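Content type compact mmCIF, N, CA, C and O atoms, from the file start_25.txt:
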```txt
# COMPACT_ATOMS: atom_id res chain seq x y z
N MET E 19 -3.44 12.75 -6.12
CA MET E 19 -2.84 11.46 -5.82
C MET E 19 -2.74 11.23 -4.32
O MET E 19 -3.05 10.16 -3.84
N GLN E 20 -2.31 12.24 -3.58
CA GLN E 20 -2.18 12.06 -2.14
C GLN E 20 -3.56 11.87 -1.49
O GLN E 20 -3.70 11.09 -0.55
N ARG E 21 -4.56 12.55 -2.01
CA ARG E 21 -5.93 12.39 -1.50
C ARG E 21 -6.37 10.94 -1.63
O ARG E 21 -6.92 10.36 -0.70
N GLU E 22 -6.10 10.34 -2.79
CA GLU E 22 -6.49 8.95 -3.04
C GLU E 22 -5.70 8.00 -2.13
O GLU E 22 -6.24 7.01 -1.63
N LEU E 23 -4.44 8.31 -1.90
CA LEU E 23 -3.62 7.50 -1.01
C LEU E 23 -4.19 7.51 0.40
O LEU E 23 -4.31 6.46 1.05
N ILE E 24 -4.56 8.67 0.89
CA ILE E 24 -5.15 8.79 2.23
C ILE E 24 -6.48 8.05 2.28
O ILE E 24 -6.75 7.29 3.21
N ARG E 25 -7.31 8.24 1.26
CA ARG E 25 -8.63 7.60 1.22
C ARG E 25 -8.50 6.08 1.24
O ARG E 25 -9.16 5.40 2.02
N GLU E 26 -7.65 5.55 0.37
CA GLU E 26 -7.49 4.10 0.29
C GLU E 26 -6.85 3.54 1.55
O GLU E 26 -7.21 2.45 2.00
N GLY E 27 -5.91 4.28 2.13
CA GLY E 27 -5.30 3.85 3.38
C GLY E 27 -6.31 3.79 4.52
O GLY E 27 -6.31 2.84 5.32
N LEU E 28 -7.16 4.80 4.60
CA LEU E 28 -8.21 4.79 5.62
C LEU E 28 -9.16 3.61 5.42
O LEU E 28 -9.46 2.88 6.37
N LEU E 29 -9.63 3.43 4.19
CA LEU E 29 -10.56 2.33 3.92
C LEU E 29 -9.93 0.97 4.21
O LEU E 29 -10.57 0.09 4.79
N PHE E 30 -8.67 0.79 3.81
CA PHE E 30 -7.98 -0.48 4.03
C PHE E 30 -7.88 -0.78 5.53
O PHE E 30 -8.19 -1.88 5.99
N THR E 31 -7.44 0.20 6.30
CA THR E 31 -7.24 0.00 7.74
C THR E 31 -8.57 -0.13 8.47
O THR E 31 -8.71 -0.98 9.36
N LEU E 32 -9.55 0.68 8.10
CA LEU E 32 -10.87 0.57 8.73
C LEU E 32 -11.54 -0.75 8.41
O LEU E 32 -12.25 -1.31 9.26
N ALA E 33 -11.33 -1.28 7.21
CA ALA E 33 -11.91 -2.57 6.84
C ALA E 33 -11.32 -3.69 7.72
O ALA E 33 -12.04 -4.59 8.15
N ALA E 34 -10.02 -3.63 7.98
CA ALA E 34 -9.39 -4.62 8.85
C ALA E 34 -9.99 -4.55 10.25
O ALA E 34 -10.28 -5.59 10.87
N SER E 35 -10.20 -3.35 10.75
CA SER E 35 -10.81 -3.17 12.07
C SER E 35 -12.26 -3.65 12.05
O SER E 35 -12.72 -4.30 12.99
N TYR E 36 -12.98 -3.35 10.98
CA TYR E 36 -14.38 -3.76 10.83
C TYR E 36 -14.51 -5.29 10.86
O TYR E 36 -15.45 -5.82 11.45
N GLU E 37 -13.56 -5.97 10.22
CA GLU E 37 -13.60 -7.44 10.19
C GLU E 37 -13.39 -8.03 11.58
O GLU E 37 -13.93 -9.07 11.90
N GLU E 38 -12.59 -7.35 12.42
CA GLU E 38 -12.37 -7.81 13.79
C GLU E 38 -13.60 -7.56 14.65
O GLU E 38 -14.04 -8.43 15.39
N ASP E 39 -14.16 -6.35 14.57
CA ASP E 39 -15.36 -5.98 15.32
C ASP E 39 -15.97 -4.74 14.67
O ASP E 39 -15.43 -3.64 14.80
N PRO E 40 -17.10 -4.90 13.99
CA PRO E 40 -17.68 -3.77 13.27
C PRO E 40 -18.22 -2.65 14.16
O PRO E 40 -18.55 -1.58 13.68
N HIS E 41 -18.27 -2.87 15.46
CA HIS E 41 -18.82 -1.87 16.37
C HIS E 41 -17.76 -0.96 17.00
O HIS E 41 -18.10 0.02 17.65
N VAL E 42 -16.49 -1.29 16.80
CA VAL E 42 -15.41 -0.56 17.45
C VAL E 42 -15.02 0.67 16.62
O VAL E 42 -14.83 0.58 15.41
N PHE E 43 -14.90 1.80 17.30
CA PHE E 43 -14.39 3.02 16.68
C PHE E 43 -12.87 3.03 16.83
O PHE E 43 -12.33 2.51 17.81
N VAL E 44 -12.19 3.63 15.88
CA VAL E 44 -10.73 3.76 15.95
C VAL E 44 -10.38 5.25 15.99
O VAL E 44 -11.13 6.09 15.48
N THR E 45 -9.26 5.55 16.60
CA THR E 45 -8.83 6.93 16.79
C THR E 45 -7.74 7.28 15.79
O THR E 45 -6.74 6.58 15.68
N LEU E 46 -7.95 8.37 15.07
CA LEU E 46 -6.94 8.86 14.14
C LEU E 46 -5.77 9.45 14.90
O LEU E 46 -5.95 9.99 16.00
N SER E 47 -4.60 9.37 14.33
CA SER E 47 -3.42 9.96 14.97
C SER E 47 -3.53 11.48 14.97
O SER E 47 -4.25 12.07 14.17
N ARG E 48 -2.79 12.12 15.85
CA ARG E 48 -2.77 13.58 15.92
C ARG E 48 -2.29 14.15 14.59
O ARG E 48 -2.82 15.14 14.10
N GLN E 49 -1.31 13.50 13.97
CA GLN E 49 -0.78 13.95 12.68
C GLN E 49 -1.89 13.95 11.62
O GLN E 49 -1.98 14.86 10.81
N THR E 50 -2.74 12.94 11.63
CA THR E 50 -3.83 12.85 10.67
C THR E 50 -4.90 13.89 10.96
O THR E 50 -5.39 14.56 10.05
N ILE E 51 -5.25 14.06 12.22
CA ILE E 51 -6.27 15.04 12.60
C ILE E 51 -5.81 16.45 12.23
O ILE E 51 -6.60 17.29 11.82
N ASP E 52 -4.51 16.70 12.35
CA ASP E 52 -3.97 18.02 12.02
C ASP E 52 -3.87 18.27 10.51
O ASP E 52 -3.65 19.41 10.09
N SER E 53 -4.02 17.23 9.71
CA SER E 53 -3.92 17.38 8.26
C SER E 53 -5.28 17.80 7.68
O SER E 53 -6.26 17.06 7.79
N SER E 54 -5.33 18.96 7.05
CA SER E 54 -6.60 19.42 6.47
C SER E 54 -7.04 18.49 5.35
O SER E 54 -8.24 18.23 5.18
N LEU E 55 -6.11 17.93 4.58
CA LEU E 55 -6.46 17.01 3.51
C LEU E 55 -7.08 15.73 4.07
O LEU E 55 -8.10 15.26 3.56
N ALA E 56 -6.51 15.19 5.13
CA ALA E 56 -7.06 13.98 5.75
C ALA E 56 -8.45 14.26 6.32
O ALA E 56 -9.36 13.43 6.19
N ARG E 57 -8.64 15.43 6.93
CA ARG E 57 -9.96 15.77 7.46
C ARG E 57 -10.99 15.89 6.33
O ARG E 57 -12.14 15.49 6.49
N GLU E 58 -10.57 16.43 5.18
CA GLU E 58 -11.47 16.52 4.02
C GLU E 58 -11.87 15.13 3.54
O GLU E 58 -13.04 14.88 3.22
N VAL E 59 -10.90 14.22 3.50
CA VAL E 59 -11.18 12.86 3.06
C VAL E 59 -12.16 12.18 4.01
O VAL E 59 -13.13 11.55 3.58
N VAL E 60 -11.95 12.33 5.31
CA VAL E 60 -12.86 11.75 6.30
C VAL E 60 -14.26 12.36 6.13
O VAL E 60 -15.26 11.64 6.15
N ALA E 61 -14.34 13.66 5.91
CA ALA E 61 -15.64 14.32 5.72
C ALA E 61 -16.35 13.79 4.47
O ALA E 61 -17.56 13.54 4.50
N GLU E 62 -15.60 13.59 3.38
CA GLU E 62 -16.20 13.04 2.16
C GLU E 62 -16.73 11.63 2.40
O GLU E 62 -17.85 11.29 1.99
N LEU E 63 -15.94 10.80 3.06
CA LEU E 63 -16.36 9.43 3.36
C LEU E 63 -17.59 9.43 4.27
O LEU E 63 -18.51 8.64 4.10
N ARG E 64 -17.60 10.34 5.24
CA ARG E 64 -18.75 10.45 6.16
C ARG E 64 -19.99 10.91 5.40
O ARG E 64 -21.07 10.34 5.55
N ASN E 65 -19.84 11.94 4.56
CA ASN E 65 -20.99 12.46 3.81
C ASN E 65 -21.54 11.45 2.81
O ASN E 65 -22.73 11.47 2.50
N ASP E 66 -20.66 10.58 2.30
CA ASP E 66 -21.09 9.53 1.37
C ASP E 66 -21.67 8.32 2.09
O ASP E 66 -22.14 7.38 1.45
N GLY E 67 -21.61 8.31 3.43
CA GLY E 67 -22.18 7.23 4.21
C GLY E 67 -21.27 6.03 4.40
O GLY E 67 -21.72 4.96 4.80
N TYR E 68 -19.97 6.20 4.13
CA TYR E 68 -19.03 5.09 4.25
C TYR E 68 -18.34 5.02 5.60
O TYR E 68 -17.81 3.99 5.98
N VAL E 69 -18.33 6.15 6.32
CA VAL E 69 -17.67 6.24 7.62
C VAL E 69 -18.61 6.92 8.59
O VAL E 69 -19.33 7.85 8.23
N GLU E 70 -18.60 6.44 9.81
CA GLU E 70 -19.34 7.09 10.90
C GLU E 70 -18.31 7.72 11.83
O GLU E 70 -17.31 7.10 12.17
N GLU E 71 -18.56 8.96 12.22
CA GLU E 71 -17.63 9.67 13.10
C GLU E 71 -18.31 9.92 14.44
O GLU E 71 -19.34 10.59 14.51
N GLN E 72 -17.75 9.35 15.50
CA GLN E 72 -18.31 9.51 16.85
C GLN E 72 -18.06 10.93 17.34
O GLN E 72 -18.98 11.63 17.76
N VAL E 73 -16.81 11.33 17.33
CA VAL E 73 -16.35 12.70 17.57
C VAL E 73 -15.21 12.92 16.60
O VAL E 73 -14.74 11.98 15.97
N ARG E 74 -14.75 14.14 16.49
CA ARG E 74 -13.67 14.43 15.54
C ARG E 74 -12.47 13.50 15.78
O ARG E 74 -11.93 13.44 16.88
N GLY E 75 -12.11 12.77 14.74
CA GLY E 75 -10.95 11.90 14.80
C GLY E 75 -11.21 10.51 15.34
O GLY E 75 -10.29 9.71 15.48
N VAL E 76 -12.45 10.18 15.66
CA VAL E 76 -12.81 8.84 16.14
C VAL E 76 -13.86 8.29 15.18
O VAL E 76 -15.00 8.75 15.17
N ILE E 77 -13.45 7.32 14.34
CA ILE E 77 -14.29 6.87 13.24
C ILE E 77 -14.36 5.35 13.15
O ILE E 77 -13.56 4.64 13.75
N ARG E 78 -15.35 4.89 12.40
CA ARG E 78 -15.45 3.48 12.06
C ARG E 78 -16.13 3.37 10.70
O ARG E 78 -16.83 4.29 10.25
N LEU E 79 -15.93 2.25 10.07
CA LEU E 79 -16.52 1.98 8.77
C LEU E 79 -17.98 1.60 8.96
O LEU E 79 -18.34 0.93 9.94
N THR E 80 -18.84 2.03 8.07
CA THR E 80 -20.23 1.59 8.06
C THR E 80 -20.32 0.31 7.22
O THR E 80 -19.40 -0.01 6.47
N PRO E 81 -21.43 -0.41 7.31
CA PRO E 81 -21.59 -1.59 6.45
C PRO E 81 -21.44 -1.25 4.96
O PRO E 81 -20.82 -2.01 4.22
N SER E 82 -21.98 -0.12 4.52
CA SER E 82 -21.83 0.24 3.10
C SER E 82 -20.37 0.59 2.77
O SER E 82 -19.90 0.32 1.66
N GLY E 83 -19.64 1.16 3.71
CA GLY E 83 -18.23 1.43 3.51
C GLY E 83 -17.43 0.14 3.40
O GLY E 83 -16.50 0.03 2.60
N TYR E 84 -17.81 -0.85 4.20
CA TYR E 84 -17.14 -2.14 4.12
C TYR E 84 -17.41 -2.81 2.78
O TYR E 84 -16.51 -3.36 2.16
N GLU E 85 -18.64 -2.75 2.32
CA GLU E 85 -18.98 -3.33 1.01
C GLU E 85 -18.22 -2.63 -0.10
O GLU E 85 -17.73 -3.28 -1.02
N LEU E 86 -18.11 -1.31 -0.02
CA LEU E 86 -17.33 -0.56 -1.02
C LEU E 86 -15.90 -1.06 -1.06
O LEU E 86 -15.36 -1.34 -2.13
N HIS E 87 -15.30 -1.18 0.10
CA HIS E 87 -13.90 -1.62 0.16
C HIS E 87 -13.75 -3.07 -0.29
O HIS E 87 -12.83 -3.40 -1.02
N LYS E 88 -14.66 -3.92 0.15
CA LYS E 88 -14.57 -5.34 -0.15
C LYS E 88 -14.66 -5.60 -1.65
O LYS E 88 -14.02 -6.52 -2.16
N ASN E 89 -15.40 -4.79 -2.38
CA ASN E 89 -15.60 -4.98 -3.81
C ASN E 89 -14.53 -4.33 -4.67
O ASN E 89 -14.56 -4.46 -5.89
N LYS E 90 -13.58 -3.62 -4.05
CA LYS E 90 -12.49 -2.99 -4.80
C LYS E 90 -11.28 -3.92 -4.83
O LYS E 90 -11.10 -4.72 -3.92
N PRO E 91 -10.42 -3.78 -5.83
CA PRO E 91 -9.17 -4.55 -5.84
C PRO E 91 -8.32 -4.18 -4.63
O PRO E 91 -8.34 -3.04 -4.17
N LEU E 92 -7.58 -5.15 -4.12
CA LEU E 92 -6.73 -4.89 -2.96
C LEU E 92 -5.57 -3.97 -3.31
O LEU E 92 -4.91 -4.17 -4.32
N PRO E 93 -5.32 -2.97 -2.46
CA PRO E 93 -4.17 -2.10 -2.68
C PRO E 93 -2.91 -2.74 -2.10
O PRO E 93 -2.60 -2.58 -0.93
N TYR E 94 -2.20 -3.51 -2.89
CA TYR E 94 -1.04 -4.23 -2.37
C TYR E 94 0.08 -3.30 -1.95
O TYR E 94 0.73 -3.52 -0.95
N THR E 95 0.32 -2.26 -2.73
CA THR E 95 1.34 -1.29 -2.34
C THR E 95 0.89 0.10 -2.74
O THR E 95 0.07 0.27 -3.63
N TYR E 96 1.44 1.05 -2.05
CA TYR E 96 1.20 2.45 -2.36
C TYR E 96 2.55 3.06 -2.72
O TYR E 96 3.56 2.75 -2.11
N ARG E 97 2.57 3.93 -3.67
CA ARG E 97 3.82 4.61 -4.07
C ARG E 97 3.90 5.95 -3.35
O ARG E 97 2.95 6.72 -3.34
N ASN E 98 5.07 6.20 -2.74
CA ASN E 98 5.31 7.52 -2.17
C ASN E 98 5.45 8.51 -3.31
O ASN E 98 6.12 8.23 -4.29
N LEU E 99 4.83 9.63 -3.19
CA LEU E 99 4.87 10.63 -4.25
C LEU E 99 6.29 11.10 -4.47
O LEU E 99 6.92 11.65 -3.57
N GLY E 100 6.85 10.85 -5.65
CA GLY E 100 8.17 11.32 -6.01
C GLY E 100 9.32 10.59 -5.34
O GLY E 100 10.46 10.85 -5.61
N GLN E 101 9.03 9.67 -4.44
CA GLN E 101 10.08 8.97 -3.72
C GLN E 101 10.56 7.73 -4.47
O GLN E 101 11.68 7.31 -4.29
N GLY E 102 9.70 7.12 -5.29
CA GLY E 102 10.08 5.97 -6.06
C GLY E 102 10.15 4.67 -5.28
O GLY E 102 10.52 3.64 -5.80
N ARG E 103 9.78 4.69 -4.03
CA ARG E 103 9.78 3.44 -3.27
C ARG E 103 8.36 3.13 -2.81
O ARG E 103 7.54 4.02 -2.65
N ALA E 104 8.09 1.87 -2.62
CA ALA E 104 6.74 1.44 -2.24
C ALA E 104 6.65 1.32 -0.73
O ALA E 104 7.62 0.99 -0.07
N SER E 105 5.46 1.59 -0.21
CA SER E 105 5.20 1.33 1.20
C SER E 105 3.91 0.56 1.29
O SER E 105 2.98 0.78 0.52
N SER E 106 3.84 -0.36 2.21
CA SER E 106 2.66 -1.20 2.31
C SER E 106 1.55 -0.46 3.05
O SER E 106 1.78 0.49 3.78
N ALA E 107 0.33 -0.94 2.89
CA ALA E 107 -0.80 -0.35 3.58
C ALA E 107 -0.65 -0.44 5.10
O ALA E 107 -1.00 0.50 5.80
N PRO E 108 -0.11 -1.56 5.69
CA PRO E 108 0.09 -1.55 7.14
C PRO E 108 1.03 -0.44 7.60
O PRO E 108 0.84 0.13 8.66
N ALA E 109 2.04 -0.11 6.80
CA ALA E 109 2.92 1.00 7.17
C ALA E 109 2.15 2.31 7.16
O ALA E 109 2.37 3.17 8.00
N LEU E 110 1.24 2.46 6.22
CA LEU E 110 0.40 3.65 6.16
C LEU E 110 -0.50 3.72 7.37
O LEU E 110 -0.72 4.79 7.92
N SER E 111 -1.01 2.59 7.84
CA SER E 111 -1.92 2.61 8.98
C SER E 111 -1.24 3.14 10.23
O SER E 111 -1.88 3.73 11.08
N ARG E 112 0.07 2.93 10.37
CA ARG E 112 0.78 3.49 11.54
C ARG E 112 0.78 5.01 11.49
O ARG E 112 0.76 5.67 12.51
N PHE E 113 0.80 5.57 10.27
CA PHE E 113 0.72 7.01 10.11
C PHE E 113 -0.68 7.51 10.43
O PHE E 113 -0.87 8.53 11.05
N VAL E 114 -1.68 6.78 10.01
CA VAL E 114 -3.06 7.23 10.08
C VAL E 114 -3.66 7.06 11.47
O VAL E 114 -4.37 7.92 11.95
N PHE E 115 -3.38 5.97 12.14
CA PHE E 115 -4.04 5.66 13.40
C PHE E 115 -3.06 5.61 14.55
O PHE E 115 -1.93 5.17 14.41
N GLU E 116 -3.52 6.03 15.72
CA GLU E 116 -2.69 5.99 16.91
C GLU E 116 -2.56 4.57 17.43
O GLU E 116 -1.48 4.07 17.63
N ASN E 117 -3.67 3.92 17.66
CA ASN E 117 -3.66 2.58 18.26
C ASN E 117 -4.36 1.61 17.34
O ASN E 117 -5.46 1.87 16.89
N ARG E 118 -3.73 0.50 17.09
CA ARG E 118 -4.33 -0.57 16.29
C ARG E 118 -4.19 -1.87 17.02
O ARG E 118 -3.30 -2.19 17.64
```
If you took the structure in this file and wrote it as structure tokens, what would it be?
Amino acid sequence: MQRELIREGLLFTLAASYEEDPHVFVTLSRQTIDSSLAREVVAELRNDGYVEEQVRGVIRLTPSGYELHKNKPLPYTYRNLGQGRASSAPALSRFVFENR
């Protein structure tokens, strides 16, 4: 479940950045780079051709990654595991990325 939350949060935030300028790379937060699970998710997305990584922790969505995200239902809210409260995708992006 947490893997899917990280994956969807990355795709959601990267898609917003892609819509502003598809050529801009974004920098992952130190907390995200230090997470082995987040690094695995980024590696899977990169290996599937959905994300391009300039250097470790500096990524952008590829056109195929944008199409993947665009064709999926919007993730309106994410549930915190065991917390019972919802957090929005923009709140997740503050965790995932340093600068937006």
Query raised in the report: What is the distance between atom N of Leu28 of chain E and atom CA of His87 of chain E, in Å to one decimal?
Result: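 Taking atom N of Leu28 of chain E and atom CA of His87 of chain E, their separation equals 10.3 Å.
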Query raised in the report: What is the atom C of Tyr36 of chain E-atom N of Thr50 of chain E distance in Å, reported with one decimal?
Result: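 Value for the atom C of Tyr36 of chain E-atom N of Thr50 of chain E distance: 21.7 Å.
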Query raised in the report: When you draw a straight line from atom CA of Ala56 of chain E to atom CA of Arg25 of chain E, how long is it in Å?
Result: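 Distance reported for this atom pair: 8.0 Å.
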Query - Residues near Gly67 of chain E, cut-off 10 Å, only C-alpha atoms, skip fewer than 2 positions along chain, as number ranges by chain - result: E: 61-65, 69-70, 79-83
Query raised in the report: Using only C-alpha atoms, which residue out of E:Gln49, E:Val59, E:Val44, E:Asp39 lies closest to Ile24 of chain E?
Result: E:Val59
Query - Nearby residues (only N, CA, C and O atoms) at most 8 Å from Gln72 of chain E, same-chain spacing under 5 positions excluded, as number ranges by chain - result: E: 43-44, 77-78
Report summary line: From the list E:Asn89, E:Glu26, E:Leu55, E:Leu32, the nearest residue to Val76 of chain E using only C-alpha atoms is E:Leu32
Report summary line: If you count all atoms listed in the file, the residue of E:Met19, E:Ala34, E:Val73, E:Leu86 closest to Leu46 of chain E turns out to be E:Val73
